[in-house]
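A.B. asks: Once you've had a glance at the structure underneath, I'll fire off some questions.
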Amino acid sequence: MLQARHALHRVAQALGVRAPELRDLPGAANAFATANGAVLVDVAWLEAHLRRACGDGRCRESVLVFLMGHELAHVILGHGFVPMPGRTMSMELDADHVAGVAMGRLGVDPRAAIEVLAGLMQHACWPTHGCPDQRAMAIWKGYGRGLCEGRLAA
Ligand SMILES: [Zn+2]
C-alpha cells in the first residue's frame, strides 16, 4: 500500500494535480477510479502480480507508476463518473497516454509496465481496453511527450 501511495503521489505531482485518496479494495483483483475521485486498488492482488512479474525495483516502479498514472488519469479526465460498462476503449487509451506523460516527466522507463500489462491481458485484445500493442503505443506517445516537457522544464 505504501509503495502504491508513494507512486500515486509522484504521478499526481508530475501531472500537477492533488493526489486523490487511495483505498484498499480486497478481493477486487483490479484497480479503479471512482466517481468521487478516489482510487481503489486490491493491494494483495497488486502485490501478487508485482512479485510474480517483477524481478527488481525498477520493474516495480514502472508498473506502480503506470497503474497509478492510469487510474489518476481516469479521475482527471472525469471518467470516474462514467459507470464501468459505459467506459470506452478511447477512454482507456487516453488514460494510458496520460500515464505515459507522467512516466516521461518522471523519467520512469515504461518498458516493464508495458510488458507486465500485456501479460495481465494474457496478450489478447480486450473490447474494453484495446490490444496490448495499442496500449503500448498510447503509453510510448505519452512518454515521449512527457520526456520532452521534462527536459524543457529542467
Ligand atoms: Zn482504465
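Just so we're on the same page: first chain in the C-alpha cells is A, next is B, and so on; residues restart at 1 for each chain, and ligands are numbered from 1 in the order they show up.
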So that each row is one residue of chain A with an atom at most 7 Å from ligand 1, can you give its shortest atom pair and the distance in Å to one decimal, using only C-alpha atoms and all ligand atoms, rows by chain and rising number, as JSON lines?

C.D. replies:
```
{"residue": "A:His70", "atom": "CA", "partner": "ligand 1", "partner_atom_place_in_ligand_line": "1 (Zn)", "distance": 6.1}
{"residue": "A:Glu71", "atom": "CA", "partner": "ligand 1", "partner_atom_place_in_ligand_line": "1 (Zn)", "distance": 6.1}
{"residue": "A:His74", "atom": "CA", "partner": "ligand 1", "partner_atom_place_in_ligand_line": "1 (Zn)", "distance": 6.6}
{"residue": "A:Glu92", "atom": "CA", "partner": "ligand 1", "partner_atom_place_in_ligand_line": "1 (Zn)", "distance": 4.8}
{"residue": "A:Ala95", "atom": "CA", "partner": "ligand 1", "partner_atom_place_in_ligand_line": "1 (Zn)", "distance": 6.3}
```

A.B. asks: Generate the output file for the selected residues, C-alpha atoms, as an mmCIF file, in the first residue's frame.

C.D. replies:
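For reference, selection_24.cif as written:
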```cif
data_model
loop_
_atom_site.group_PDB
_atom_site.id
_atom_site.type_symbol
_atom_site.label_atom_id
_atom_site.label_comp_id
_atom_site.auth_asym_id
_atom_site.auth_seq_id
_atom_site.Cartn_x
_atom_site.Cartn_y
_atom_site.Cartn_z
ATOM 1 C CA HIS A 70 -3.663 5.292 -15.471
ATOM 2 C CA GLU A 71 -6.172 5.460 -12.594
ATOM 3 C CA HIS A 74 -9.404 8.483 -15.238
ATOM 4 C CA GLU A 92 -8.782 3.632 -21.634
ATOM 5 C CA ALA A 95 -5.717 7.119 -19.631
#
```

A.B. asks: Write out as a PyMOL selection string each polymer residue whose atoms come within 12 Å of Pro110 in chain A, counting only C-alpha atoms; drop sequence neighbours fewer than 3 positions from it.

C.D. replies: chain A and resi 58-67+69+96-97+99-107+113-117+135-144+146-147

A.B. asks: For Met91 in chain A, which residue among A:Gln3, A:Thr128, A:Gln13, A:Gln122 is the nearest when counting only C-alpha atoms?

C.D. replies: A:Thr128

A.B. asks: Enter the distance from CA of Trp126 in chain A to CA of Val39 in chain A, in Å, rounded to one decimal.

C.D. replies: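 Here the two named atoms are 22.0 Å from each other.
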
A.B. asks: Give me, as a PyMOL selection string, all polymer residues having an atom no more than 12 Å from Pro83 in chain A, counting only C-alpha atoms and skipping those fewer than 5 positions away in the same chain.

C.D. replies: chain A and resi 32-35+74+78+88

A.B. asks: Give me, as a PyMOL selection string, the residues of range 11-142 of chain A that a backbone DSSP run labels strand (DSSP E).

C.D. replies: chain A and resi 22-24+31-33+39-41

A.B. asks: Would you mind telling me which residue in A:Asp24, A:Phe81, A:Gly86, A:Leu120 lies nearest to Arg52 in chain A when using only C-alpha atoms?

C.D. replies: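 Going through A:Asp24, A:Phe81, A:Gly86, A:Leu120 one by one, the smallest distance to Arg52 in chain A is for A:Leu120.
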
A.B. asks: Looking at A:Arg111, A:Arg10, A:His49, A:Arg87, which one is nearest to Ala29 in chain A, with distances taken over only C-alpha atoms?

C.D. replies: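 Looking only at the distances to Ala29 in chain A, the closest residue turns out to be A:His49.
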
A.B. asks: Write out as an MDAnalysis selection string all residues of chain A that DSSP puts in alpha helix (DSSP H) for this structure's backbone.

C.D. replies: chainID A and resid 2:15 43:53 57:76 89:106 111:120 132:153

A.B. asks: Which residue out of A:Glu21, A:Asp42, A:Glu47, A:Asp109 has the minimum interatomic distance to Leu72 in chain A when only C-alpha atoms are used?

C.D. replies: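 So, comparing all the options, the nearest one is A:Glu21.
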
A.B. asks: For Met1 in chain A, which residue out of A:Leu25, A:Gly16, A:Arg145, A:Pro132 is the nearest one, using only C-alpha atoms?

C.D. replies: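 Closest to Met1 in chain A of all the choices is A:Leu25.
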
A.B. asks: Which of these, A:Met89, A:Val11, A:Val43, A:Leu2, has the shortest distance to Pro127 in chain A once you count only C-alpha atoms?

C.D. replies: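 Using only C-alpha atoms, Pro127 in chain A sits closest to A:Met89.
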
A.B. asks: Could you please determine the separation between CA of Trp45 in chain A and CA of Asn30 in chain A in Å, to one decimal place?

C.D. replies: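 These atoms are spaced 7.2 Å apart.
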
A.B. asks: Give me the residues near Cys131 in chain A as a tab-separated table (two decimals) with N, CA and C atoms, in the first residue's frame, where near means some atom within 10 Å (using only C-alpha atoms) and where sequence neighbours in that chain fewer than 6 positions away do not count.

C.D. replies:
```
chain	number	residue	atom	x	y	z
A	89	MET	N	-13.12	2.25	-25.15
A	89	MET	CA	-11.72	1.94	-25.39
A	89	MET	C	-10.90	3.22	-25.51
A	93	LEU	N	-7.47	4.22	-23.59
A	93	LEU	CA	-6.23	4.57	-24.28
A	93	LEU	C	-5.79	5.99	-23.91
A	118	ALA	N	0.81	-6.40	-20.82
A	118	ALA	CA	0.49	-7.38	-21.86
A	118	ALA	C	0.25	-8.75	-21.24
A	121	MET	N	-3.08	-8.89	-19.61
A	121	MET	CA	-4.15	-9.01	-20.61
A	121	MET	C	-4.08	-10.35	-21.33
A	123	HIS	N	-1.99	-11.28	-23.36
A	123	HIS	CA	-1.58	-10.99	-24.74
A	123	HIS	C	-2.76	-11.02	-25.71
A	124	ALA	N	-3.92	-10.69	-25.19
A	124	ALA	CA	-5.14	-10.69	-26.03
A	124	ALA	C	-5.70	-9.27	-26.11
A	125	CYS	N	-6.53	-9.03	-27.13
A	125	CYS	CA	-7.21	-7.75	-27.25
A	125	CYS	C	-8.48	-7.80	-26.40
A	137	MET	N	1.47	1.65	-27.61
A	137	MET	CA	1.62	2.83	-28.46
A	137	MET	C	1.16	4.09	-27.73
```
